[in-house]
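What's in my_file-v6.txt: compact mmCIF, C-alpha atoms
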# COMPACT_ATOMS: atom_id res chain seq x y z
CA MET B 145 16.12 -11.89 -7.58
CA LYS B 146 14.20 -9.26 -9.46
CA VAL B 147 15.57 -5.80 -8.93
CA THR B 148 13.16 -2.95 -8.61
CA ASN B 149 14.47 0.46 -9.33
CA TRP B 150 13.27 3.82 -8.36
CA LYS B 151 14.15 6.05 -11.25
CA ALA B 152 17.49 7.74 -10.84
CA ALA B 153 17.33 10.57 -8.34
CA ASP B 154 17.41 13.25 -11.03
CA SER B 155 14.29 11.96 -12.70
CA SER B 156 12.24 11.59 -9.56
CA LYS B 157 10.78 14.92 -8.71
CA GLU B 158 10.31 16.50 -5.35
CA LYS B 159 8.70 19.87 -5.00
CA SER B 160 7.50 22.03 -2.23
CA THR B 161 5.22 25.02 -2.47
CA ALA B 162 3.12 26.90 0.06
CA THR B 163 -0.19 25.94 -1.49
CA MET B 164 0.24 22.27 -2.26
CA GLY B 165 2.57 21.00 0.44
CA LYS B 166 5.17 18.46 -0.60
CA PHE B 167 5.02 16.57 -3.86
CA TYR B 168 6.82 13.41 -4.79
CA GLY B 169 6.93 11.67 -8.17
CA GLY B 170 8.77 8.53 -9.26
CA ALA B 171 8.46 5.29 -11.18
CA VAL B 172 8.98 1.61 -10.39
CA THR B 173 9.53 -1.11 -12.97
CA TYR B 174 8.25 -4.60 -12.23
CA LYS B 175 9.83 -7.34 -14.31
CA TRP B 176 6.47 -9.06 -14.58
CA ASN B 177 3.86 -8.65 -17.24
CA TRP B 178 0.86 -6.44 -16.68
CA ASP B 179 -1.60 -9.33 -16.24
CA GLN B 180 0.55 -10.78 -13.46
CA VAL B 181 0.89 -7.41 -11.75
CA ALA B 182 -2.88 -6.92 -12.01
CA GLN B 183 -3.63 -10.31 -10.44
CA ALA B 184 -1.14 -9.68 -7.64
CA PHE B 185 -2.68 -6.26 -7.04
CA TRP B 186 -5.61 -7.96 -5.28
CA GLN B 187 -3.40 -10.39 -3.36
CA ARG B 188 -0.75 -7.99 -2.13
CA TYR B 189 -1.54 -8.44 1.55
CA PRO B 190 -0.32 -9.94 3.71
CA ASN B 191 3.38 -9.98 2.92
CA PRO B 192 6.48 -9.73 5.12
CA TYR B 193 6.69 -5.97 4.49
CA SER B 194 3.05 -5.25 5.34
CA LYS B 195 2.99 -6.04 9.04
CA HIS B 196 1.64 -2.54 9.67
CA VAL B 197 -1.50 -3.36 7.63
CA LEU B 198 -4.01 -4.76 10.10
CA THR B 199 -7.17 -5.20 8.02
CA GLU B 200 -8.18 -5.05 4.37
CA ASP B 201 -11.73 -4.98 3.01
CA ILE B 202 -13.51 -4.24 -0.23
CA LEU B 203 -16.14 -1.58 0.45
CA SER B 204 -17.67 -1.45 -3.00
CA ARG B 205 -17.05 -2.85 -6.45
CA HIS B 206 -18.71 -2.69 -9.84
CA VAL B 207 -17.96 -3.30 -13.51
CA GLU B 208 -18.63 -0.73 -16.22
CA GLY B 209 -17.73 -1.88 -19.72
CA ASN B 210 -14.19 -3.25 -19.45
CA ARG B 211 -13.47 -1.36 -16.25
CA LEU B 212 -13.52 -2.63 -12.70
CA TYR B 213 -14.12 0.05 -10.05
CA THR B 214 -13.18 -0.80 -6.47
CA ARG B 215 -12.94 0.94 -3.10
CA ARG B 216 -10.65 -0.85 -0.68
CA LEU B 217 -10.36 0.04 3.01
CA MET B 218 -7.20 -0.69 4.95
CA ILE B 219 -6.50 -0.07 8.62
CA LYS B 220 -2.83 0.41 9.38
CA THR B 221 -0.90 1.08 12.54
CA ASN B 222 0.25 4.64 12.58
CA PRO B 223 3.51 5.01 14.46
CA VAL B 224 3.84 8.61 15.62
CA PRO B 225 7.22 10.17 16.35
CA LYS B 226 7.68 11.62 19.86
CA TRP B 227 7.30 15.19 18.62
CA GLY B 228 4.07 14.33 16.83
CA GLU B 229 2.29 13.01 19.91
CA ARG B 230 1.01 16.48 20.81
CA PHE B 231 -0.94 16.66 17.52
CA ILE B 232 -2.24 13.13 17.34
CA PRO B 233 -4.41 11.67 20.10
CA SER B 234 -3.52 8.15 21.22
CA SER B 235 -7.03 7.07 20.18
CA ALA B 236 -6.03 7.77 16.58
CA ARG B 237 -2.96 5.58 16.43
CA ASN B 238 -4.59 3.38 13.82
CA MET B 239 -5.03 5.00 10.46
CA CYS B 240 -7.79 4.31 7.95
CA ILE B 241 -6.66 4.32 4.35
CA LEU B 242 -9.05 4.38 1.41
CA GLU B 243 -7.89 3.22 -2.00
CA GLU B 244 -10.00 3.89 -5.07
CA SER B 245 -8.97 1.96 -8.15
CA VAL B 246 -9.94 1.41 -11.75
CA VAL B 247 -8.65 -1.63 -13.62
CA ASP B 248 -9.08 -1.15 -17.34
CA ALA B 249 -8.81 -4.52 -19.06
CA SER B 250 -8.86 -3.11 -22.59
CA SER B 251 -6.18 -0.41 -22.23
CA ARG B 252 -4.24 -2.56 -19.71
CA THR B 253 -3.96 0.11 -17.01
CA ILE B 254 -4.63 0.21 -13.30
CA THR B 255 -5.11 3.61 -11.75
CA THR B 256 -5.21 3.98 -7.97
CA TYR B 257 -5.83 6.93 -5.69
CA THR B 258 -5.12 6.41 -2.03
CA ARG B 259 -5.69 8.77 0.90
CA ASN B 260 -5.98 8.76 4.65
CA ILE B 261 -9.36 9.14 6.26
CA ALA B 262 -9.47 11.28 9.43
CA MET B 263 -6.84 13.67 10.73
CA GLN B 264 -6.32 15.15 7.30
CA ASN B 265 -5.60 18.47 9.02
CA VAL B 266 -2.63 17.09 10.87
CA MET B 267 -1.22 15.22 7.91
CA ASN B 268 -2.90 14.41 4.65
CA VAL B 269 -1.22 11.98 2.27
CA GLU B 270 -2.68 11.37 -1.18
CA GLU B 271 -1.05 9.02 -3.64
CA LYS B 272 -1.83 8.31 -7.25
CA CYS B 273 -0.35 5.32 -9.10
CA VAL B 274 -0.73 4.28 -12.70
CA TYR B 275 0.37 0.78 -13.69
CA ARG B 276 0.80 0.20 -17.39
CA VAL B 277 2.65 -2.03 -19.83
CA ASN B 278 6.25 -0.83 -19.97
CA PRO B 279 6.53 0.94 -23.35
CA GLU B 280 10.13 -0.26 -23.76
CA ASN B 281 9.47 -3.89 -22.87
CA ASN B 282 5.95 -5.26 -23.05
CA ARG B 283 6.79 -8.16 -20.73
CA TRP B 284 7.33 -5.66 -17.92
CA THR B 285 5.10 -3.26 -16.07
CA VAL B 286 5.83 0.28 -15.03
CA CYS B 287 4.17 2.00 -12.11
CA GLU B 288 4.22 5.79 -11.97
CA LYS B 289 3.74 7.12 -8.49
CA TYR B 290 2.79 10.60 -7.36
CA ALA B 291 2.30 11.67 -3.77
CA TRP B 292 1.15 14.86 -2.10
CA VAL B 293 1.67 15.51 1.59
CA THR B 294 0.00 18.48 3.24
CA SER B 295 -0.40 19.63 6.80
CA SER B 296 -2.28 22.59 8.20
CA VAL B 297 -0.84 22.50 11.70
CA PHE B 298 0.09 26.12 12.31
CA GLY B 299 3.83 26.60 12.63
CA PHE B 300 4.61 22.91 12.29
CA GLY B 301 3.21 22.30 8.82
CA SER B 302 6.48 22.14 6.96
CA ALA B 303 8.18 19.91 9.55
CA ILE B 304 5.24 17.52 9.40
CA GLN B 305 5.26 17.57 5.60
CA ALA B 306 8.97 16.79 5.49
CA TYR B 307 8.42 13.93 7.91
CA GLY B 308 5.45 12.79 5.83
CA ILE B 309 7.33 12.67 2.54
CA ASP B 310 10.23 10.83 4.17
CA ARG B 311 7.86 8.24 5.60
CA PHE B 312 6.07 8.01 2.26
CA ARG B 313 9.34 7.19 0.52
CA LYS B 314 10.22 4.49 3.05
CA ASN B 315 6.74 3.00 2.87
CA ALA B 316 6.79 3.09 -0.93
CA THR B 317 9.98 1.00 -0.91
CA LYS B 318 8.38 -1.46 1.49
CA ALA B 319 5.25 -1.61 -0.65
CA THR B 320 7.33 -2.40 -3.74
CA ARG B 321 9.24 -5.17 -1.94
CA GLY B 322 5.99 -6.60 -0.68
CA TYR B 323 4.52 -6.54 -4.18
CA GLU B 324 7.60 -8.35 -5.55
CA PHE B 325 7.29 -10.94 -2.81
CA VAL B 326 3.67 -11.65 -3.73
CA LEU B 327 4.46 -11.80 -7.46
CA GLU B 328 7.13 -14.40 -6.77
CA ARG B 329 4.81 -16.39 -4.53
CA LEU B 330 2.09 -16.41 -7.19
CA PHE B 331 4.10 -16.91 -10.35
CA MET B 332 7.40 -18.51 -9.33
CA PRO B 333 6.39 -20.66 -6.36
CA VAL B 334 9.46 -22.95 -6.38
CA LEU B 335 11.99 -20.12 -6.56
CA HIS B 336 9.92 -18.24 -4.02
CA GLN B 337 10.26 -21.05 -1.48
CA GLN B 338 14.01 -21.14 -1.95
CA LEU B 339 14.25 -17.40 -1.55
CA SER B 340 12.10 -17.36 1.55
CA SER B 341 14.17 -20.00 3.27
CA ARG B 342 17.34 -18.20 2.24
CA ASP B 343 15.92 -14.97 3.69
CA LYS B 344 15.05 -16.77 6.89
CA LEU B 345 18.63 -18.05 7.22
CA LYS B 346 19.92 -14.57 6.52
CA ASP B 347 17.60 -13.09 9.15
CA LYS B 348 18.81 -15.61 11.67
CA ALA B 349 22.46 -14.88 10.84
CA ILE B 350 21.85 -11.15 11.28
CA LYS B 351 20.14 -11.71 14.62
CA VAL B 352 22.99 -13.89 15.89
CA ALA B 353 25.54 -11.33 14.75
CA GLN B 354 23.59 -8.52 16.42
CA ALA B 355 23.30 -10.46 19.67
CA ALA B 356 27.05 -11.09 19.63
CA LYS B 357 27.69 -7.41 18.98
CA ASP B 358 25.39 -6.35 21.84
CA LYS B 359 27.11 -8.76 24.15
CA ALA B 360 30.51 -7.45 23.11
CA LYS B 361 29.32 -3.88 23.71
CA ASP B 362 28.09 -4.83 27.18
CA SER B 363 31.38 -6.38 28.13
CA ILE B 364 33.30 -3.42 26.78
CA SER B 365 31.23 -0.95 28.75
CA THR B 366 31.52 -2.98 31.94
CA ALA B 367 35.22 -3.47 31.37
CA ARG B 368 35.85 0.25 30.89
CA PRO B 369 38.17 1.46 33.64
CA GLN B 370 36.47 3.78 36.11
CA PRO B 371 37.97 7.24 36.41
CA SER B 372 39.74 7.50 39.71
CA MET T 185 4.72 -18.96 9.42
CA LEU T 186 3.55 -15.94 7.57
CA PRO T 187 -0.24 -15.61 7.52
CA THR T 188 -1.70 -16.00 4.04
CA GLU T 189 -4.83 -13.97 4.56
CA MET T 190 -5.70 -10.52 5.86
CA ASN T 191 -8.08 -9.75 8.69
CA SER T 192 -11.34 -7.95 8.07
CA VAL T 193 -12.45 -4.77 9.83
CA GLY T 194 -15.10 -7.01 11.43
CA ASP T 195 -13.96 -10.40 12.77
CA GLU T 196 -17.41 -11.75 11.94
CA CYS T 197 -16.86 -10.90 8.24
CA LEU T 198 -13.65 -12.90 7.83
CA GLU T 199 -15.21 -16.12 6.53
CA LEU T 200 -17.38 -14.20 4.06
CA LYS T 201 -14.36 -12.23 2.93
CA LYS T 202 -12.30 -15.37 2.32
CA ALA T 203 -15.08 -17.05 0.34
CA TYR T 204 -15.68 -13.94 -1.75
CA GLU T 205 -11.98 -13.32 -2.46
CA GLU T 206 -11.48 -16.88 -3.60
CA CYS T 207 -14.29 -16.40 -6.11
CA PHE T 208 -13.06 -12.96 -7.13
CA ASN T 209 -9.41 -13.87 -7.73
CA LYS T 210 -10.42 -16.71 -9.99
CA TRP T 211 -12.95 -14.56 -11.85
CA PHE T 212 -10.49 -11.68 -12.21
CA SER T 213 -7.74 -13.74 -13.84
CA GLU T 214 -9.86 -16.20 -15.80
CA LYS T 215 -12.71 -13.95 -16.94
CA PHE T 216 -12.28 -10.23 -16.41
CA LEU T 217 -8.74 -9.93 -17.80
CA LYS T 218 -9.88 -11.93 -20.82
CA GLY T 219 -12.70 -9.55 -21.58
CA GLN T 220 -15.61 -11.48 -20.00
CA THR T 221 -16.90 -8.84 -17.66
CA GLU T 222 -20.09 -10.29 -16.21
CA ASP T 223 -19.41 -10.29 -12.45
CA THR T 224 -20.40 -13.79 -11.39
CA CYS T 225 -19.17 -13.23 -7.82
CA ALA T 226 -21.55 -10.30 -7.20
CA PRO T 227 -24.03 -12.31 -5.05
CA MET T 228 -21.19 -13.39 -2.72
CA PHE T 229 -19.92 -9.85 -2.63
CA ARG T 230 -23.27 -8.46 -1.48
CA VAL T 231 -23.33 -10.73 1.58
CA TYR T 232 -19.76 -9.83 2.49
CA GLN T 233 -20.40 -6.13 1.83
CA ASP T 234 -23.41 -6.04 4.20
CA CYS T 235 -21.23 -7.47 6.93
CA VAL T 236 -18.44 -4.92 6.32
CA LYS T 237 -20.90 -2.02 6.27
CA LYS T 238 -22.21 -3.01 9.69
CA ALA T 239 -18.67 -3.38 11.05
CA VAL T 240 -17.64 0.02 9.69
CA LYS T 241 -20.67 1.63 11.35
CA GLU T 242 -19.96 -0.06 14.66
CA ARG T 243 -16.40 1.21 14.57
CA LYS T 244 -17.72 4.73 13.95
CA LEU T 245 -15.51 5.24 10.92
CA ASP T 246 -16.25 8.30 8.82
CA LEU T 247 -18.79 6.90 6.35
CA TRP T 248 -19.09 10.13 4.44
CA GLU T 249 -15.33 10.19 3.76
CA LEU T 250 -15.34 6.50 2.85
CA GLU T 251 -18.04 7.03 0.25
CA LYS T 252 -16.55 10.18 -1.24
CA SER T 253 -14.92 9.76 -4.67
CA VAL T 254 -11.70 11.53 -5.56
CA LEU T 255 -10.26 9.43 -8.40
CA GLY T 256 -11.55 10.70 -11.73
CA THR T 257 -12.94 13.91 -10.20
CA GLU T 258 -11.68 17.49 -9.88
CA LYS T 259 -10.71 16.74 -6.30
CA GLU T 260 -7.66 14.80 -7.49
CA LYS T 261 -4.42 16.61 -6.70
CA LYS T 262 -2.50 17.89 -9.69
CA VAL T 263 1.04 17.03 -10.69
CA PRO T 264 2.96 20.31 -10.43
CA ASP T 265 4.12 21.92 -13.69
CA GLY T 266 7.41 20.65 -15.00
CA SER T 267 7.23 17.37 -13.07
CA GLU T 268 5.60 15.31 -15.79
CA LYS T 269 8.08 12.61 -16.92

Could I get this file's structure written as structure tokens?
Amino acid sequence: MKVTNWKAADSSKEKSTATMGKFYGGAVTYKWNWDQVAQAFWQRYPNPYSKHVLTEDILSRHVEGNRLYTRRLMIKTNPVPKWGERFIPSSARNMCILEESVVDASSRTITTYTRNIAMQNVMNVEEKCVYRVNPENNRWTVCEKYAWVTSSVFGFGSAIQAYGIDRFRKNATKATRGYEFVLERLFMPVLHQQLSSRDKLKDKAIKVAQAAKDKAKDSISTARPQPS
Amino acid sequence: MLPTEMNSVGDECLELKKAYEECFNKWFSEKFLKGQTEDTCAPMFRVYQDCVKKAVKERKLDLWELEKSVLGTEKEKKVPDGSEK
């Protein structure tokens, strides 16, 4: 199984200032060549880690020289924590995400800029990624990621930003796993099938274990002696 | 089974989307990445795009925001000093 690493904690940067909100920077290495990563970029969804992505559409696309410019719209479910419900109306529980991208076939880079549309006042997340050939190993691809989370909700801004950056980090991990999954499906189909069935077995084993645990808990709580 | 395709913002656009993406993925890997940049899937894209535009309007999504460009403009957020590499 390919291992994807976030850079060690000391090289990923997190900053917070009054004017820019929270900033996050990090890098992911894919052990796939740039051409493979580029092809998978357009076939990333669906994958087992993208169940929150409901729709995906290309809004516009054009070629200029060796560059492909694309705007991609995604609608995602937007789970809101209990304390956030007062800021976010239930009608806005689905979030529109716009991704602008440029694929440069001559310099072998993909640059993406992704942001949420609507409710930017409550929480605005902007992410920039640059995928390029790994300078230390040209059979691999490195993706540098930067994210900015801002909120202008008076008095709650910093709590919302902290929540936002935490969710960003979790979602970034999911996105990387999903990307790996798609790369394996596209370029190592036989191994991919074996892995998927192994994962399925593992899932099943976990579920059975959890059910047994729950049952055990139930019987313990019912068996607990009542205070007299 | 895991679905192998994504939904479209408009259900009525799904078939057009699938047809276009099939053309695009082939073109992207076999032509574009090899330096042949004439977009031979453009006619299929236009049909699909018309459908998506209508669907986006019907859903009252913020068209102005969707058409705004940030990448490559001054509106891009900046990496704070001292965070580069």

- Message: With all atoms listed in the file as the counted atoms, please give the residues lying no more than 10 Å from stretch 211-228 of chain T, apart from itself and same-chain residues fewer than 6 positions off, as a PyMOL selection string.
- Response: (chain B and resi 179-180+182-184+186+205-212+247-250+252) or (chain T and resi 200-201+203-205)

Same residues, C-alpha atoms, output as a PDB file, in the frame of the given file:
ATOM      1  CA  ASP B 179      -1.600  -9.330 -16.240  1.00  0.00           C
ATOM      2  CA  GLN B 180       0.550 -10.780 -13.460  1.00  0.00           C
ATOM      3  CA  ALA B 182      -2.880  -6.920 -12.010  1.00  0.00           C
ATOM      4  CA  GLN B 183      -3.630 -10.310 -10.440  1.00  0.00           C
ATOM      5  CA  ALA B 184      -1.140  -9.680  -7.640  1.00  0.00           C
ATOM      6  CA  TRP B 186      -5.610  -7.960  -5.280  1.00  0.00           C
ATOM      7  CA  ARG B 205     -17.050  -2.850  -6.450  1.00  0.00           C
ATOM      8  CA  HIS B 206     -18.710  -2.690  -9.840  1.00  0.00           C
ATOM      9  CA  VAL B 207     -17.960  -3.300 -13.510  1.00  0.00           C
ATOM     10  CA  GLU B 208     -18.630  -0.730 -16.220  1.00  0.00           C
ATOM     11  CA  GLY B 209     -17.730  -1.880 -19.720  1.00  0.00           C
ATOM     12  CA  ASN B 210     -14.190  -3.250 -19.450  1.00  0.00           C
ATOM     13  CA  ARG B 211     -13.470  -1.360 -16.250  1.00  0.00           C
ATOM     14  CA  LEU B 212     -13.520  -2.630 -12.700  1.00  0.00           C
ATOM     15  CA  VAL B 247      -8.650  -1.630 -13.620  1.00  0.00           C
ATOM     16  CA  ASP B 248      -9.080  -1.150 -17.340  1.00  0.00           C
ATOM     17  CA  ALA B 249      -8.810  -4.520 -19.060  1.00  0.00           C
ATOM     18  CA  SER B 250      -8.860  -3.110 -22.590  1.00  0.00           C
ATOM     19  CA  ARG B 252      -4.240  -2.560 -19.710  1.00  0.00           C
TER      20      ARG B 252
ATOM     21  CA  LEU T 200     -17.380 -14.200   4.060  1.00  0.00           C
ATOM     22  CA  LYS T 201     -14.360 -12.230   2.930  1.00  0.00           C
ATOM     23  CA  ALA T 203     -15.080 -17.050   0.340  1.00  0.00           C
ATOM     24  CA  TYR T 204     -15.680 -13.940  -1.750  1.00  0.00           C
ATOM     25  CA  GLU T 205     -11.980 -13.320  -2.460  1.00  0.00           C
TER      26      GLU T 205
END

- Mind checking which residues fall within 12 Å of T:Lys252, counting only C-alpha atoms, ignoring those fewer than 5 positions away in the same chain, and posting them as a PyMOL selection string? (chain B and resi 203-204+215+242-244+259+261) or (chain T and resi 246-247+257+259-260)

Taking only C-alpha atoms into account and nothing else, which residues of chain T lie no more than 6 Å away from chain B? Please answer as a PDB file with C-alpha atoms, keeping the file's coordinate frame.
ATOM      1  CA  MET T 190      -5.700 -10.520   5.860  1.00  0.00           C
ATOM      2  CA  ASN T 191      -8.080  -9.750   8.690  1.00  0.00           C
ATOM      3  CA  SER T 192     -11.340  -7.950   8.070  1.00  0.00           C
ATOM      4  CA  VAL T 193     -12.450  -4.770   9.830  1.00  0.00           C
ATOM      5  CA  LEU T 217      -8.740  -9.930 -17.800  1.00  0.00           C
ATOM      6  CA  LEU T 255     -10.260   9.430  -8.400  1.00  0.00           C
TER       7      LEU T 255
END

- Note on the structure: From atom CA of B:Tyr174 to atom CA of B:Glu328 the spacing works out at 11.3 Å

- Could you tell me which of T:Tyr232, T:Glu196, T:Lys237, T:Asp265 comes closest to T:Leu250 if we count all atoms listed in the file? T:Lys237

- Item | Atom-to-atom span, atom CA of B:Cys287 and atom CA of B:Cys273, Å |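 According to the coordinates, atom CA of B:Cys287 and atom CA of B:Cys273 are separated by 6.4 Å.
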
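A straight line drawn from atom CA of B:Lys348 to atom CA of B:Ala316 is 25.6 Å long.
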
- Task: Would you list the contacts of stretch 302-312 of chain B as a PyMOL selection string, taking every protein, DNA or RNA residue within 9 Å and counting all atoms listed in the file, but skipping same-chain residues closer than 3 positions in sequence?
- Result: chain B and resi 165-168+228+266-269+291-297+299+315-317

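Minimum atom-to-atom distances from T:Val254, T:Val240, T:Val263, T:Leu245 to T:Asp195 were compared using all atoms listed in the file, and the lowest value belongs to T:Val240.
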
Is there a way to complete stretch 197-213 of chain T with N, CA and C atoms and then write that out as a short mmCIF file (atom, residue, chain, number, x, y, z; two decimals), in the frame of the given file?
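To be explicit, this is the file written out as rebuild.cif:
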data_model
loop_
_atom_site.label_atom_id
_atom_site.label_comp_id
_atom_site.auth_asym_id
_atom_site.auth_seq_id
_atom_site.Cartn_x
_atom_site.Cartn_y
_atom_site.Cartn_z
N CYS T 197 -16.78 -10.93 9.71
CA CYS T 197 -16.86 -10.90 8.24
C CYS T 197 -15.77 -11.76 7.58
N LEU T 198 -14.84 -12.27 8.40
CA LEU T 198 -13.65 -12.90 7.83
C LEU T 198 -13.96 -14.08 6.92
N GLU T 199 -14.89 -14.95 7.35
CA GLU T 199 -15.21 -16.12 6.53
C GLU T 199 -15.85 -15.70 5.20
N LEU T 200 -16.72 -14.69 5.28
CA LEU T 200 -17.38 -14.20 4.06
C LEU T 200 -16.36 -13.57 3.12
N LYS T 201 -15.42 -12.87 3.72
CA LYS T 201 -14.36 -12.23 2.93
C LYS T 201 -13.51 -13.28 2.21
N LYS T 202 -13.14 -14.32 2.93
CA LYS T 202 -12.30 -15.37 2.32
C LYS T 202 -13.02 -16.04 1.17
N ALA T 203 -14.29 -16.36 1.38
CA ALA T 203 -15.08 -17.05 0.34
C ALA T 203 -15.21 -16.14 -0.88
N TYR T 204 -15.52 -14.87 -0.64
CA TYR T 204 -15.68 -13.94 -1.75
C TYR T 204 -14.37 -13.78 -2.51
N GLU T 205 -13.26 -13.58 -1.79
CA GLU T 205 -11.98 -13.32 -2.46
C GLU T 205 -11.52 -14.51 -3.30
N GLU T 206 -11.84 -15.69 -2.83
CA GLU T 206 -11.48 -16.88 -3.60
C GLU T 206 -12.20 -16.86 -4.95
N CYS T 207 -13.49 -16.51 -4.88
CA CYS T 207 -14.29 -16.40 -6.11
C CYS T 207 -13.75 -15.28 -6.99
N PHE T 208 -13.50 -14.13 -6.37
CA PHE T 208 -13.06 -12.96 -7.13
C PHE T 208 -11.73 -13.18 -7.84
N ASN T 209 -10.75 -13.72 -7.13
CA ASN T 209 -9.41 -13.87 -7.73
C ASN T 209 -9.44 -14.77 -8.96
N LYS T 210 -10.26 -15.80 -8.86
CA LYS T 210 -10.42 -16.71 -9.99
C LYS T 210 -11.11 -15.99 -11.16
N TRP T 211 -12.20 -15.31 -10.83
CA TRP T 211 -12.95 -14.56 -11.85
C TRP T 211 -12.08 -13.50 -12.51
N PHE T 212 -11.30 -12.78 -11.69
CA PHE T 212 -10.49 -11.68 -12.21
C PHE T 212 -9.47 -12.18 -13.24
N SER T 213 -8.78 -13.28 -12.91
CA SER T 213 -7.74 -13.74 -13.84
C SER T 213 -8.31 -14.54 -15.00
#
